[in-house]
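J.: Sharing run.pdb here; it has PDB, C-alpha atoms.
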MODEL        1
ATOM      1  CA  VAL A  26       6.134   5.455  -4.725
ATOM      2  CA  LEU A  27       6.045   1.683  -5.362
ATOM      3  CA  ILE A  28       3.266   1.962  -7.935
ATOM      4  CA  SER A  29       5.130   4.765  -9.699
ATOM      5  CA  SER A  30       8.213   2.577  -9.674
ATOM      6  CA  TYR A  31       6.244  -0.218 -11.320
ATOM      7  CA  PHE A  32       5.009   2.124 -14.069
ATOM      8  CA  LEU A  33       8.557   3.296 -14.714
ATOM      9  CA  LEU A  34      10.222  -0.120 -14.659
ATOM     10  CA  ARG A  35       7.394  -2.540 -15.599
ATOM     11  CA  THR A  36       8.887  -6.012 -16.037
ATOM     12  CA  ASP A  37      12.179  -5.017 -14.409
ATOM     13  CA  TYR A  38      10.289  -4.062 -11.236
ATOM     14  CA  VAL A  39       8.534  -7.432 -11.019
ATOM     15  CA  LYS A  40      11.646  -9.364 -12.025
ATOM     16  CA  SER A  41      13.939  -7.664  -9.484
ATOM     17  CA  LEU A  42      11.493  -8.182  -6.612
ATOM     18  CA  ALA A  43      10.889 -11.823  -7.579
ATOM     19  CA  GLN A  44      14.643 -12.401  -7.770
ATOM     20  CA  ALA A  45      15.167 -10.745  -4.388
ATOM     21  CA  LEU A  46      12.488 -12.978  -2.927
ATOM     22  CA  ILE A  47      13.929 -16.175  -4.395
ATOM     23  CA  LEU A  48      17.559 -15.325  -3.579
ATOM     24  CA  THR A  49      16.658 -14.415  -0.008
ATOM     25  CA  GLN A  50      15.014 -17.807   0.464
ATOM     26  CA  GLN A  51      17.884 -19.707  -1.148
ATOM     27  CA  HIS A  52      20.634 -17.999   0.827
ATOM     28  CA  SER A  53      18.833 -17.816   4.173
ATOM     29  CA  THR A  54      19.408 -14.104   4.502
ATOM     30  CA  SER A  55      17.190 -11.788   6.510
ATOM     31  CA  TRP A  56      13.475 -12.475   6.377
ATOM     32  CA  VAL A  57      12.935  -8.688   6.300
ATOM     33  CA  VAL A  58      14.102  -8.508   2.660
ATOM     34  CA  GLU A  59      11.751 -11.312   1.748
ATOM     35  CA  GLU A  60       8.808  -9.684   3.506
ATOM     36  CA  ALA A  61       9.600  -6.317   1.881
ATOM     37  CA  ALA A  62       9.678  -7.894  -1.599
ATOM     38  CA  LEU A  63       6.329  -9.585  -0.951
ATOM     39  CA  TYR A  64       4.896  -6.279   0.247
ATOM     40  CA  ALA A  65       6.169  -4.338  -2.784
ATOM     41  CA  LEU A  66       4.719  -6.927  -5.169
ATOM     42  CA  THR A  67       1.402  -6.914  -3.310
ATOM     43  CA  VAL A  68       1.091  -3.124  -3.314
ATOM     44  CA  SER A  69       1.460  -3.000  -7.105
ATOM     45  CA  SER A  70      -0.759  -6.057  -7.746
ATOM     46  CA  ARG A  71      -3.685  -4.110  -9.210
ATOM     47  CA  GLU A  72      -1.467  -2.507 -11.828
ATOM     48  CA  VAL A  73       0.431  -5.729 -12.574
ATOM     49  CA  CYS A  74      -2.837  -7.666 -12.928
ATOM     50  CA  ALA A  75      -4.202  -4.997 -15.267
ATOM     51  CA  ARG A  76      -1.091  -5.387 -17.402
ATOM     52  CA  ILE A  77      -1.415  -9.176 -17.408
ATOM     53  CA  LYS A  78      -5.100  -9.033 -18.376
ATOM     54  CA  ALA A  79      -4.660  -6.305 -21.021
ATOM     55  CA  ARG A  80      -5.227  -7.106 -24.657
ATOM     56  CA  GLY A  81      -3.696  -5.572 -27.725
ATOM     57  CA  GLY A  82      -0.779  -3.204 -27.745
ATOM     58  CA  GLY A  83       2.376  -3.364 -29.782
ATOM     59  CA  THR A  84       5.176  -5.871 -29.783
ATOM     60  CA  LEU A  85       6.915  -4.322 -26.767
ATOM     61  CA  ALA A  86       3.703  -4.279 -24.722
ATOM     62  CA  SER A  87       2.963  -7.888 -25.642
ATOM     63  CA  ARG A  88       6.486  -8.969 -24.743
ATOM     64  CA  ASP A  89       6.303  -7.092 -21.435
ATOM     65  CA  ARG A  90       2.895  -8.614 -20.669
ATOM     66  CA  GLU A  91       4.091 -12.149 -21.432
ATOM     67  CA  GLU A  92       7.299 -11.793 -19.414
ATOM     68  CA  THR A  93       5.425 -10.293 -16.448
ATOM     69  CA  THR A  94       2.902 -13.135 -16.597
ATOM     70  CA  GLN A  95       5.637 -15.760 -16.569
ATOM     71  CA  ILE A  96       7.387 -14.135 -13.612
ATOM     72  CA  ILE A  97       4.180 -13.939 -11.566
ATOM     73  CA  LEU A  98       3.209 -17.537 -12.400
ATOM     74  CA  SER A  99       6.661 -18.828 -11.509
ATOM     75  CA  LEU A 100       6.512 -16.848  -8.272
ATOM     76  CA  ALA A 101       3.257 -18.595  -7.325
ATOM     77  CA  GLN A 102       4.865 -21.949  -8.073
ATOM     78  CA  HIS A 103       7.891 -20.953  -6.011
ATOM     79  CA  LEU A 104       5.771 -19.883  -3.035
ATOM     80  CA  CYS A 105       3.475 -22.911  -2.911
ATOM     81  CA  GLY A 106       5.409 -25.531  -4.849
ATOM     82  CA  THR A 107       4.208 -29.093  -5.123
ATOM     83  CA  ASP A 108       4.318 -29.734  -1.378
ATOM     84  CA  GLN A 109       2.205 -26.968   0.101
ATOM     85  CA  THR A 110       2.712 -28.072   3.701
ATOM     86  CA  ALA A 111       6.492 -27.926   3.362
ATOM     87  CA  ALA A 112       6.267 -24.536   1.623
ATOM     88  CA  ILE A 113       4.116 -23.100   4.424
ATOM     89  CA  GLN A 114       6.406 -24.485   7.132
ATOM     90  CA  SER A 115       9.444 -23.107   5.319
ATOM     91  CA  MET A 116       7.967 -19.596   5.191
ATOM     92  CA  LEU A 117       6.795 -19.832   8.785
ATOM     93  CA  SER A 118      10.250 -20.949   9.933
ATOM     94  CA  ARG A 119      11.716 -17.713   8.571
ATOM     95  CA  HIS A 120       9.039 -15.510  10.204
ATOM     96  CA  TRP A 121       5.262 -15.398  10.375
ATOM     97  CA  LEU A 122       5.300 -12.068   8.485
ATOM     98  CA  VAL A 123       6.803 -13.852   5.457
ATOM     99  CA  LEU A 124       3.879 -16.286   5.437
ATOM    100  CA  SER A 125       1.396 -13.466   5.967
ATOM    101  CA  GLY A 126       2.964 -11.523   3.090
ATOM    102  CA  ALA A 127       2.779 -14.579   0.838
ATOM    103  CA  CYS A 128      -0.924 -14.983   1.660
ATOM    104  CA  ASP A 129      -1.533 -11.299   0.899
ATOM    105  CA  LEU A 130       0.287 -11.664  -2.425
ATOM    106  CA  ILE A 131      -1.705 -14.760  -3.420
ATOM    107  CA  GLY A 132      -4.978 -12.995  -2.635
ATOM    108  CA  ALA A 133      -3.970  -9.755  -4.344
ATOM    109  CA  TYR A 134      -3.118 -11.548  -7.591
ATOM    110  CA  SER A 135      -6.365 -13.548  -7.803
ATOM    111  CA  ALA A 136      -7.263 -11.733 -11.036
ATOM    112  CA  ALA A 137      -4.009 -12.922 -12.601
ATOM    113  CA  TRP A 138      -4.512 -16.481 -11.355
ATOM    114  CA  SER A 139      -8.041 -16.510 -12.767
ATOM    115  CA  THR A 140      -6.826 -15.305 -16.143
ATOM    116  CA  LYS A 141      -3.615 -17.284 -16.558
ATOM    117  CA  CYS A 142      -3.616 -20.337 -14.233
ATOM    118  CA  THR A 143      -5.072 -23.744 -14.827
ATOM    119  CA  PRO A 144      -7.749 -24.897 -12.372
ATOM    120  CA  GLU A 145      -5.216 -27.342 -10.905
ATOM    121  CA  SER A 146      -2.832 -24.473 -10.116
ATOM    122  CA  ILE A 147      -5.669 -22.543  -8.500
ATOM    123  CA  TYR A 148      -6.464 -25.584  -6.342
ATOM    124  CA  GLN A 149      -2.805 -25.685  -5.248
ATOM    125  CA  LEU A 150      -3.005 -22.038  -4.198
ATOM    126  CA  LEU A 151      -6.275 -22.678  -2.336
ATOM    127  CA  LYS A 152      -4.728 -25.642  -0.545
ATOM    128  CA  CYS A 153      -1.722 -23.516   0.384
ATOM    129  CA  LEU A 154      -4.031 -20.882   1.889
ATOM    130  CA  CYS A 155      -6.021 -23.491   3.828
ATOM    131  CA  ILE A 156      -2.798 -24.807   5.342
ATOM    132  CA  ALA A 157      -1.614 -21.264   6.129
ATOM    133  CA  LEU A 158      -4.925 -20.537   7.843
ATOM    134  CA  SER A 159      -4.054 -22.878  10.678
ATOM    135  CA  ALA A 160      -0.266 -22.403  10.657
ATOM    136  CA  HIS A 161       0.000 -19.377  12.960
ATOM    137  CA  PRO A 162      -2.562 -17.145  14.710
ATOM    138  CA  MET A 163      -1.046 -13.972  13.259
ATOM    139  CA  VAL A 164      -1.442 -15.285   9.707
ATOM    140  CA  GLU A 165      -5.099 -16.252  10.040
ATOM    141  CA  GLN A 166      -6.628 -12.969   8.858
ATOM    142  CA  ALA A 167      -4.290 -12.620   5.877
ATOM    143  CA  ALA A 168      -4.930 -16.223   4.844
ATOM    144  CA  SER A 169      -8.707 -15.897   5.253
ATOM    145  CA  TRP A 170      -8.759 -12.656   3.232
ATOM    146  CA  ALA A 171      -6.655 -14.272   0.502
ATOM    147  CA  LEU A 172      -8.896 -17.335   0.469
ATOM    148  CA  ARG A 173     -11.940 -15.101   0.036
ATOM    149  CA  SER A 174     -10.233 -13.160  -2.761
ATOM    150  CA  MET A 175      -9.292 -16.391  -4.522
ATOM    151  CA  MET A 176     -12.792 -17.870  -4.232
ATOM    152  CA  ILE A 177     -14.370 -14.707  -5.605
ATOM    153  CA  GLY A 178     -11.689 -13.794  -8.159
ATOM    154  CA  CYS A 179     -11.291 -17.288  -9.575
ATOM    155  CA  ALA A 180     -14.975 -18.274  -9.477
ATOM    156  CA  PRO A 181     -15.527 -17.917 -13.251
ATOM    157  CA  LYS A 182     -12.590 -20.214 -13.987
ATOM    158  CA  LEU A 183     -13.538 -22.740 -11.322
ATOM    159  CA  VAL A 184     -17.214 -22.900 -12.295
ATOM    160  CA  ALA A 185     -16.161 -24.133 -15.725
ATOM    161  CA  ASP A 186     -14.027 -26.929 -14.227
ATOM    162  CA  SER A 187     -15.681 -30.284 -13.571
ATOM    163  CA  ASN A 188     -13.491 -30.941 -10.498
ATOM    164  CA  ALA A 189     -14.629 -27.705  -8.846
ATOM    165  CA  HIS A 190     -17.807 -29.292  -7.547
ATOM    166  CA  GLN A 191     -15.674 -31.463  -5.249
ATOM    167  CA  ALA A 192     -12.565 -29.361  -4.592
ATOM    168  CA  VAL A 193     -14.055 -25.924  -3.890
ATOM    169  CA  PRO A 194     -16.544 -27.082  -1.212
ATOM    170  CA  GLN A 195     -13.769 -29.137   0.395
ATOM    171  CA  TYR A 196     -11.479 -26.099   0.729
ATOM    172  CA  ALA A 197     -14.359 -23.911   1.906
ATOM    173  CA  LYS A 198     -15.332 -26.518   4.527
ATOM    174  CA  GLU A 199     -11.740 -26.859   5.772
ATOM    175  CA  ALA A 200     -11.377 -23.095   6.052
ATOM    176  CA  MET A 201     -14.708 -22.611   7.798
ATOM    177  CA  GLU A 202     -14.017 -25.390  10.315
ATOM    178  CA  ASP A 203     -10.635 -23.864  11.066
ATOM    179  CA  VAL A 204     -11.860 -20.309  11.663
ATOM    180  CA  LEU A 205     -14.869 -21.482  13.673
ATOM    181  CA  SER A 206     -12.577 -23.372  16.021
ATOM    182  CA  LYS A 207     -10.544 -20.207  16.694
ATOM    183  CA  GLN A 208     -13.410 -17.744  17.149
ATOM    184  CA  ASP A 209     -11.769 -14.952  15.126
ATOM    185  CA  GLU A 210     -14.662 -12.814  13.873
ATOM    186  CA  GLN A 211     -12.823 -11.151  10.986
ATOM    187  CA  SER A 212     -11.556 -14.478   9.671
ATOM    188  CA  MET A 213     -15.069 -15.910   9.932
ATOM    189  CA  VAL A 214     -16.441 -13.017   7.917
ATOM    190  CA  ASN A 215     -13.706 -13.390   5.317
ATOM    191  CA  VAL A 216     -14.255 -17.106   4.846
ATOM    192  CA  ALA A 217     -18.052 -16.925   4.944
TER     193      ALA A 217
ENDMDL
END
How would this structure read if it were set down as structure tokens?
T.:
Amino acid sequence: VLISSYFLLRTDYVKSLAQALILTQQHSTSWVVEEAALYALTVSSREVCARIKARGGGTLASRDREETTQIILSLAQHLCGTDQTAAIQSMLSRHWLVLSGACDLIGAYSAAWSTKCTPESIYQLLKCLCIALSAHPMVEQAASWALRSMMIGCAPKLVADSNAHQAVPQYAKEAMEDVLSKQDEQSMVNVA
């Protein structure tokens, strides 16, 4: 149903869910709305990423693609911000499911991040996931899966960046040390 809704509404679907997510955070309303918006955006991520990565099309398709891209990029900035630790703590203070949903969303949109983000923005998302990995036990598997998705999905972009030779091993080391200390097999597999 959610994917069909995306195909019917396109940019309006993404925009309304992003607005619901942002307004919920700003007005301290129920975390359930926030988690539901994250879930709905995550479920349709494959289709949204395909739209973002698509080439060609007419003026309407190009406008829709550009607007969708801007919404998704601003959503990533909103979730992780410039102070990743504060962003993670803020999500965790509302409920651990909000943080887990944010990790799932970041991992699900790795194709979009690889296509449209700068390497610096990708590093911010990786840092956010590394912090989330140790924030709450119930978030560990979502964060480790998202970290794996980001490392794999963004590898072509990161390989071309000269800073990747320092940053990527650092994030991988932090994540591996964290999951090894907790003995969670699935998280170890995801990070390895």
J.: Between A:Ile131, A:Leu124, A:Leu150, A:Ala189, single out the one closest to Thr107 (chain A), counting all atoms listed in the file.
T.: A:Leu150
J.: Compile the contact shell of region 192-200 of chain A as a list in words: residues with an atom at most 7 Å away, counting all atoms listed in the file, same-chain residues fewer than 3 positions apart removed.
T.: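 Returned residues: Leu151, Lys152, Cys155, Asn188, Ala189, Asp203, Val204 and Val216 of chain A.
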J.: Could you work out how far CA of Ala160 (chain A) lies from CA of Thr110 (chain A), giving the answer in Å with one decimal?
T.: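 Value for the CA of Thr110 (chain A)-CA of Ala160 (chain A) distance: 9.5 Å.
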J.: Which of these, A:Thr54, A:Gln208, A:Ser125, A:Thr143, has the shortest distance to Trp170 (chain A) once you count all atoms listed in the file?
T.: A:Ser125
J.: Would you be able to write out as a PyMOL selection string which residues have an atom within 9 Å of (-2.8, -7.3, -7.0) in the file's coordinates, counting all atoms listed in the file?
T.: chain A and resi 66-75+129-137
J.: Mind writing the picked residues with C-alpha atoms as an mmCIF file, in the coordinates of the input?
T.:
data_model
loop_
_atom_site.group_PDB
_atom_site.id
_atom_site.type_symbol
_atom_site.label_atom_id
_atom_site.label_comp_id
_atom_site.auth_asym_id
_atom_site.auth_seq_id
_atom_site.Cartn_x
_atom_site.Cartn_y
_atom_site.Cartn_z
ATOM 1 C CA LEU A 66 4.719 -6.927 -5.169
ATOM 2 C CA THR A 67 1.402 -6.914 -3.310
ATOM 3 C CA VAL A 68 1.091 -3.124 -3.314
ATOM 4 C CA SER A 69 1.460 -3.000 -7.105
ATOM 5 C CA SER A 70 -0.759 -6.057 -7.746
ATOM 6 C CA ARG A 71 -3.685 -4.110 -9.210
ATOM 7 C CA GLU A 72 -1.467 -2.507 -11.828
ATOM 8 C CA VAL A 73 0.431 -5.729 -12.574
ATOM 9 C CA CYS A 74 -2.837 -7.666 -12.928
ATOM 10 C CA ALA A 75 -4.202 -4.997 -15.267
ATOM 11 C CA ASP A 129 -1.533 -11.299 0.899
ATOM 12 C CA LEU A 130 0.287 -11.664 -2.425
ATOM 13 C CA ILE A 131 -1.705 -14.760 -3.420
ATOM 14 C CA GLY A 132 -4.978 -12.995 -2.635
ATOM 15 C CA ALA A 133 -3.970 -9.755 -4.344
ATOM 16 C CA TYR A 134 -3.118 -11.548 -7.591
ATOM 17 C CA SER A 135 -6.365 -13.548 -7.803
ATOM 18 C CA ALA A 136 -7.263 -11.733 -11.036
ATOM 19 C CA ALA A 137 -4.009 -12.922 -12.601
#
J.: Check which residues satisfy the PyMOL selection byres ((chain A and resi 40) around 10) in the file shown, then give them as a ChimeraX atom specification.
T.: /A:34-39,41-46,92-93,95-97,100
J.: If you measure from CA of Tyr64 (chain A) to CA of Arg173 (chain A), what distance in Å do you get, rounded to one decimal?
T.: 19.0 Å
J.: Could you state the separation of CA of Ala86 (chain A) and CA of Thr140 (chain A) in Å, given to one decimal place?
T.: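 Straight-line distance from CA of Ala86 (chain A) to CA of Thr140 (chain A) works out to 17.5 Å.
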J.: Padding 3 Å on every side, please: axis-aligned box over the listed atoms of region 26-42 of chain A, centre and edge lengths to one decimal in Å, as JSON.
T.:
{"center_x": 8.6, "center_y": -2.0, "center_z": -10.4, "size_x": 16.7, "size_y": 20.8, "size_z": 17.3}
J.: Tell me, as a PyMOL selection string, which residues lie within 9 Å of Met163 (chain A), counting all atoms listed in the file; anything in the same chain fewer than 2 positions away does not count.
T.: chain A and resi 121-122+125+160-161+165-167
J.: Residues within 8 Å of Met213 (chain A), please, as a PyMOL selection string. Count only C-alpha atoms; anything in the same chain fewer than 6 positions from it doesn't count.
T.: chain A and resi 169+201+204-205
J.: Taking only C-alpha atoms into account, name the residue in A:Asp186, A:Glu145, A:Glu59, A:Asp89 that is nearest to Leu104 (chain A).
T.: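 For Leu104 (chain A), the nearest of the given residues is A:Glu59.
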J.: So, with only C-alpha atoms as the atoms that count, which of A:Arg80, A:Gly106, A:Ile28, A:Val123 lies closest to Thr49 (chain A)?
T.: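 Nearest candidate to Thr49 (chain A) out of A:Arg80, A:Gly106, A:Ile28, A:Val123: A:Val123.
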J.: Of the candidates A:Ser159, A:Ser139, A:Ser146, A:Gln109, which shows the shortest atom-to-atom distance to Ala180 (chain A), using all atoms listed in the file?
T.: A:Ser139
J.: Which of these residues is nearest to Gln50 (chain A), using all atoms listed in the file: A:Ser187, A:Ser118, A:Ser30, A:Ser99?
T.: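 With all atoms listed in the file as the atom set, the closest residue is A:Ser118.
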